[in-house]
Amino acid sequence: MKYPFSIDVTKEGKLRCIFPDIPEMGDIVFENHADIADHGHEKFSEVLEKHYRRMGREVPKPTRVHKDEFYLYVHIYLQAKILLWHRLLKVGISASELARRYGCSRQELQRVLDFSRSTGIDKIEQLLLRLDRMFDLSAAPLP
């Protein structure tokens, strides 16, 4: 999952990443390109948590990334959470009901769903990224 973006320079000389699919990212400014690289994923997941999950909204799917266009690769743990969140919304059950079915507390499930928290699979992904590979995740119906 990759979200395209462009970079706009503010009057103050700071950088703003404009995501056509996630307009709320335009509210975030960065000091420089290194700041985008260091904190872009963190800010992206915080925006998704605040403006989509907490508001009960579906996260928009990314549009196609064109050649020579900037993009943010969404880490696998966040892709998985987005897919789970979309499924939860589509099925129409509450987080409390899913927690009951799974046999955990509502608080534990909320931590799992929280877009701003990483999970264990991210360590494997970081190693793959260093080997020039990435996950491509999808959720398929059971047979």
# chains A, B, ... in the order shown; residues from 1 in each chain; ligands from 1

call {"tool": "residues_around", "arguments": {"residues": "His66 of chain A", "least_positions_apart": "5", "cutoff": "12 Å", "atoms": "only C-alpha atoms", "output": "compact mmCIF listing (two decimals) with all heavy atoms, in the first residue's frame"}}
result
# COMPACT_ATOMS: atom_id res chain seq x y z
N LYS A 2 0.73 2.09 -1.02
CA LYS A 2 1.53 3.30 -1.16
C LYS A 2 0.61 4.48 -1.44
O LYS A 2 -0.23 4.41 -2.33
CB LYS A 2 2.53 3.15 -2.31
CG LYS A 2 3.51 2.01 -2.12
CD LYS A 2 4.53 1.94 -3.23
CE LYS A 2 3.91 1.49 -4.52
NZ LYS A 2 4.91 1.17 -5.56
N TYR A 3 0.78 5.56 -0.66
CA TYR A 3 -0.02 6.76 -0.84
C TYR A 3 0.85 7.84 -1.50
O TYR A 3 1.88 8.23 -0.95
CB TYR A 3 -0.53 7.29 0.50
CG TYR A 3 -1.72 6.53 1.02
CD1 TYR A 3 -1.56 5.38 1.78
CD2 TYR A 3 -3.01 6.97 0.76
CE1 TYR A 3 -2.66 4.68 2.25
CE2 TYR A 3 -4.12 6.28 1.24
CZ TYR A 3 -3.93 5.13 1.98
OH TYR A 3 -5.01 4.45 2.45
N PRO A 4 0.43 8.34 -2.67
CA PRO A 4 1.21 9.39 -3.33
C PRO A 4 1.06 10.73 -2.60
O PRO A 4 0.03 10.98 -1.96
CB PRO A 4 0.58 9.46 -4.72
CG PRO A 4 -0.81 8.97 -4.54
CD PRO A 4 -0.76 7.96 -3.43
N PHE A 5 2.09 11.55 -2.69
CA PHE A 5 2.02 12.90 -2.13
C PHE A 5 2.96 13.83 -2.89
O PHE A 5 3.88 13.41 -3.58
CB PHE A 5 2.32 12.92 -0.63
CG PHE A 5 3.75 12.63 -0.24
CD1 PHE A 5 4.66 13.66 -0.07
CD2 PHE A 5 4.18 11.33 -0.01
CE1 PHE A 5 5.97 13.41 0.30
CE2 PHE A 5 5.48 11.06 0.38
CZ PHE A 5 6.38 12.10 0.53
N SER A 6 2.68 15.11 -2.75
CA SER A 6 3.57 16.15 -3.27
C SER A 6 4.01 16.99 -2.09
O SER A 6 3.43 16.92 -1.00
CB SER A 6 2.85 17.00 -4.32
OG SER A 6 1.71 17.61 -3.75
N TYR A 71 5.92 8.97 -2.67
CA TYR A 71 4.87 8.17 -2.05
C TYR A 71 5.32 7.74 -0.66
O TYR A 71 6.50 7.65 -0.37
CB TYR A 71 4.51 6.94 -2.90
CG TYR A 71 5.60 5.91 -3.03
CD1 TYR A 71 5.75 4.91 -2.07
CD2 TYR A 71 6.47 5.94 -4.10
CE1 TYR A 71 6.75 3.95 -2.20
CE2 TYR A 71 7.48 5.00 -4.24
CZ TYR A 71 7.62 4.01 -3.28
OH TYR A 71 8.60 3.07 -3.41

call {"tool": "closest_residue", "arguments": {"among": "A:Ala95, A:Met1, A:Leu78, A:Leu88", "to": "Gly120 of chain A", "atoms": "only C-alpha atoms"}}
result
A:Leu78

call {"tool": "select_by_dssp", "arguments": {"residues": "segment 50-126 of chain A", "states": "strand (DSSP E)", "output": "tab-separated table (two decimals) with C-alpha atoms, in the first residue's frame"}}
result
chain	number	residue	atom	x	y	z
A	70	PHE	CA	6.71	10.82	-4.03
A	71	TYR	CA	4.87	8.17	-2.05
A	72	LEU	CA	4.57	6.94	1.51
A	73	TYR	CA	4.79	3.17	1.84

call {"tool": "closest_residue", "arguments": {"among": "A:Ile22, A:Leu48, A:Leu137, A:Ala34", "to": "Ser116 of chain A", "atoms": "only C-alpha atoms"}}
result
A:Leu48

call {"tool": "select_by_dssp", "arguments": {"residues": "chain A", "states": "helix (DSSP H, G or I)", "output": "PyMOL selection string"}}
result
chain A and resi 23-27+33-53+76-91+95-102+106-113+121-130

call {"tool": "residues_around", "arguments": {"residues": "Trp85 of chain A", "least_positions_apart": "5", "cutoff": "9 Å", "atoms": "only C-alpha atoms", "output": "PyMOL selection string"}}
result
chain A and resi 53+58-59+80+90+113

call {"tool": "residues_around", "arguments": {"residues": "Tyr52 of chain A", "least_positions_apart": "2", "cutoff": "12 Å", "atoms": "only C-alpha atoms", "output": "VMD selection string"}}
result
chain A and resid 22 to 25 44 to 50 54 to 60 82 85 to 86 89 113 to 116

call {"tool": "write_last_selection", "arguments": {"atoms": "N, CA, C and O atoms", "output": "mmCIF file, in the first residue's frame"}}
result
data_model
loop_
_atom_site.group_PDB
_atom_site.id
_atom_site.type_symbol
_atom_site.label_atom_id
_atom_site.label_comp_id
_atom_site.auth_asym_id
_atom_site.auth_seq_id
_atom_site.Cartn_x
_atom_site.Cartn_y
_atom_site.Cartn_z
ATOM 1 N N ILE A 22 -5.527 11.600 1.535
ATOM 2 C CA ILE A 22 -5.632 11.879 2.977
ATOM 3 C C ILE A 22 -5.395 13.389 3.166
ATOM 4 O O ILE A 22 -4.300 13.817 3.551
ATOM 5 N N PRO A 23 -6.404 14.210 2.890
ATOM 6 C CA PRO A 23 -6.202 15.665 2.940
ATOM 7 C C PRO A 23 -5.798 16.198 4.314
ATOM 8 O O PRO A 23 -5.136 17.237 4.403
ATOM 9 N N GLU A 24 -6.136 15.486 5.373
ATOM 10 C CA GLU A 24 -5.800 15.937 6.727
ATOM 11 C C GLU A 24 -4.284 15.994 6.959
ATOM 12 O O GLU A 24 -3.817 16.677 7.859
ATOM 13 N N MET A 25 -3.510 15.294 6.142
ATOM 14 C CA MET A 25 -2.048 15.351 6.269
ATOM 15 C C MET A 25 -1.524 16.744 5.943
ATOM 16 O O MET A 25 -0.437 17.119 6.365
ATOM 17 N N PHE A 44 1.606 10.222 9.724
ATOM 18 C CA PHE A 44 0.576 9.626 8.884
ATOM 19 C C PHE A 44 -0.346 8.734 9.717
ATOM 20 O O PHE A 44 -1.569 8.854 9.645
ATOM 21 N N SER A 45 0.246 7.853 10.537
ATOM 22 C CA SER A 45 -0.578 6.941 11.345
ATOM 23 C C SER A 45 -1.368 7.711 12.401
ATOM 24 O O SER A 45 -2.507 7.345 12.702
ATOM 25 N N GLU A 46 -0.800 8.787 12.941
ATOM 26 C CA GLU A 46 -1.540 9.618 13.904
ATOM 27 C C GLU A 46 -2.746 10.281 13.247
ATOM 28 O O GLU A 46 -3.825 10.357 13.844
ATOM 29 N N VAL A 47 -2.568 10.771 12.014
ATOM 30 C CA VAL A 47 -3.686 11.381 11.285
ATOM 31 C C VAL A 47 -4.776 10.349 11.015
ATOM 32 O O VAL A 47 -5.961 10.626 11.199
ATOM 33 N N LEU A 48 -4.376 9.152 10.595
ATOM 34 C CA LEU A 48 -5.379 8.099 10.356
ATOM 35 C C LEU A 48 -6.137 7.762 11.630
ATOM 36 O O LEU A 48 -7.355 7.580 11.601
ATOM 37 N N GLU A 49 -5.425 7.672 12.743
ATOM 38 C CA GLU A 49 -6.059 7.356 14.023
ATOM 39 C C GLU A 49 -7.068 8.440 14.405
ATOM 40 O O GLU A 49 -8.212 8.151 14.739
ATOM 41 N N LYS A 50 -6.639 9.688 14.339
ATOM 42 C CA LYS A 50 -7.469 10.809 14.801
ATOM 43 C C LYS A 50 -8.647 11.092 13.865
ATOM 44 O O LYS A 50 -9.766 11.305 14.327
ATOM 45 N N ARG A 54 -10.969 7.056 14.969
ATOM 46 C CA ARG A 54 -11.732 7.652 16.087
ATOM 47 C C ARG A 54 -13.043 8.288 15.631
ATOM 48 O O ARG A 54 -13.968 8.429 16.420
ATOM 49 N N MET A 55 -13.112 8.657 14.370
ATOM 50 C CA MET A 55 -14.334 9.256 13.828
ATOM 51 C C MET A 55 -15.238 8.192 13.191
ATOM 52 O O MET A 55 -16.304 8.523 12.671
ATOM 53 N N GLY A 56 -14.788 6.922 13.219
ATOM 54 C CA GLY A 56 -15.595 5.847 12.662
ATOM 55 C C GLY A 56 -15.685 5.864 11.148
ATOM 56 O O GLY A 56 -16.651 5.373 10.576
ATOM 57 N N ARG A 57 -14.657 6.436 10.507
ATOM 58 C CA ARG A 57 -14.654 6.556 9.051
ATOM 59 C C ARG A 57 -13.701 5.545 8.420
ATOM 60 O O ARG A 57 -12.688 5.200 8.994
ATOM 61 N N GLU A 58 -14.029 5.120 7.221
ATOM 62 C CA GLU A 58 -13.154 4.232 6.461
ATOM 63 C C GLU A 58 -11.958 5.029 5.939
ATOM 64 O O GLU A 58 -12.108 6.176 5.507
ATOM 65 N N VAL A 59 -10.792 4.425 5.988
ATOM 66 C CA VAL A 59 -9.577 5.056 5.463
ATOM 67 C C VAL A 59 -9.631 4.958 3.941
ATOM 68 O O VAL A 59 -9.811 3.857 3.402
ATOM 69 N N PRO A 60 -9.482 6.088 3.233
ATOM 70 C CA PRO A 60 -9.519 6.027 1.768
ATOM 71 C C PRO A 60 -8.396 5.156 1.209
ATOM 72 O O PRO A 60 -7.282 5.143 1.736
ATOM 73 N N ILE A 82 -5.637 -1.386 8.942
ATOM 74 C CA ILE A 82 -6.598 -0.734 8.051
ATOM 75 C C ILE A 82 -7.563 -1.774 7.488
ATOM 76 O O ILE A 82 -8.787 -1.557 7.463
ATOM 77 N N TRP A 85 -9.912 -2.801 10.232
ATOM 78 C CA TRP A 85 -10.854 -1.704 10.495
ATOM 79 C C TRP A 85 -11.928 -1.656 9.416
ATOM 80 O O TRP A 85 -13.122 -1.539 9.715
ATOM 81 N N HIS A 86 -11.532 -1.759 8.145
ATOM 82 C CA HIS A 86 -12.505 -1.740 7.056
ATOM 83 C C HIS A 86 -13.485 -2.902 7.172
ATOM 84 O O HIS A 86 -14.687 -2.736 6.964
ATOM 85 N N LEU A 89 -15.988 -2.254 9.953
ATOM 86 C CA LEU A 89 -17.017 -1.311 9.508
ATOM 87 C C LEU A 89 -18.003 -1.981 8.547
ATOM 88 O O LEU A 89 -19.211 -1.774 8.656
ATOM 89 N N LEU A 113 -6.356 -2.190 17.385
ATOM 90 C CA LEU A 113 -6.887 -1.366 16.298
ATOM 91 C C LEU A 113 -6.195 -0.012 16.170
ATOM 92 O O LEU A 113 -6.239 0.593 15.103
ATOM 93 N N ASP A 114 -5.569 0.477 17.226
ATOM 94 C CA ASP A 114 -4.967 1.816 17.246
ATOM 95 C C ASP A 114 -3.932 1.960 16.136
ATOM 96 O O ASP A 114 -2.897 1.300 16.135
ATOM 97 N N PHE A 115 -4.208 2.841 15.168
ATOM 98 C CA PHE A 115 -3.324 3.039 14.023
ATOM 99 C C PHE A 115 -1.970 3.613 14.417
ATOM 100 O O PHE A 115 -1.004 3.489 13.670
ATOM 101 N N SER A 116 -1.891 4.266 15.554
ATOM 102 C CA SER A 116 -0.630 4.912 15.940
ATOM 103 C C SER A 116 0.287 3.993 16.745
ATOM 104 O O SER A 116 1.356 4.409 17.164
#
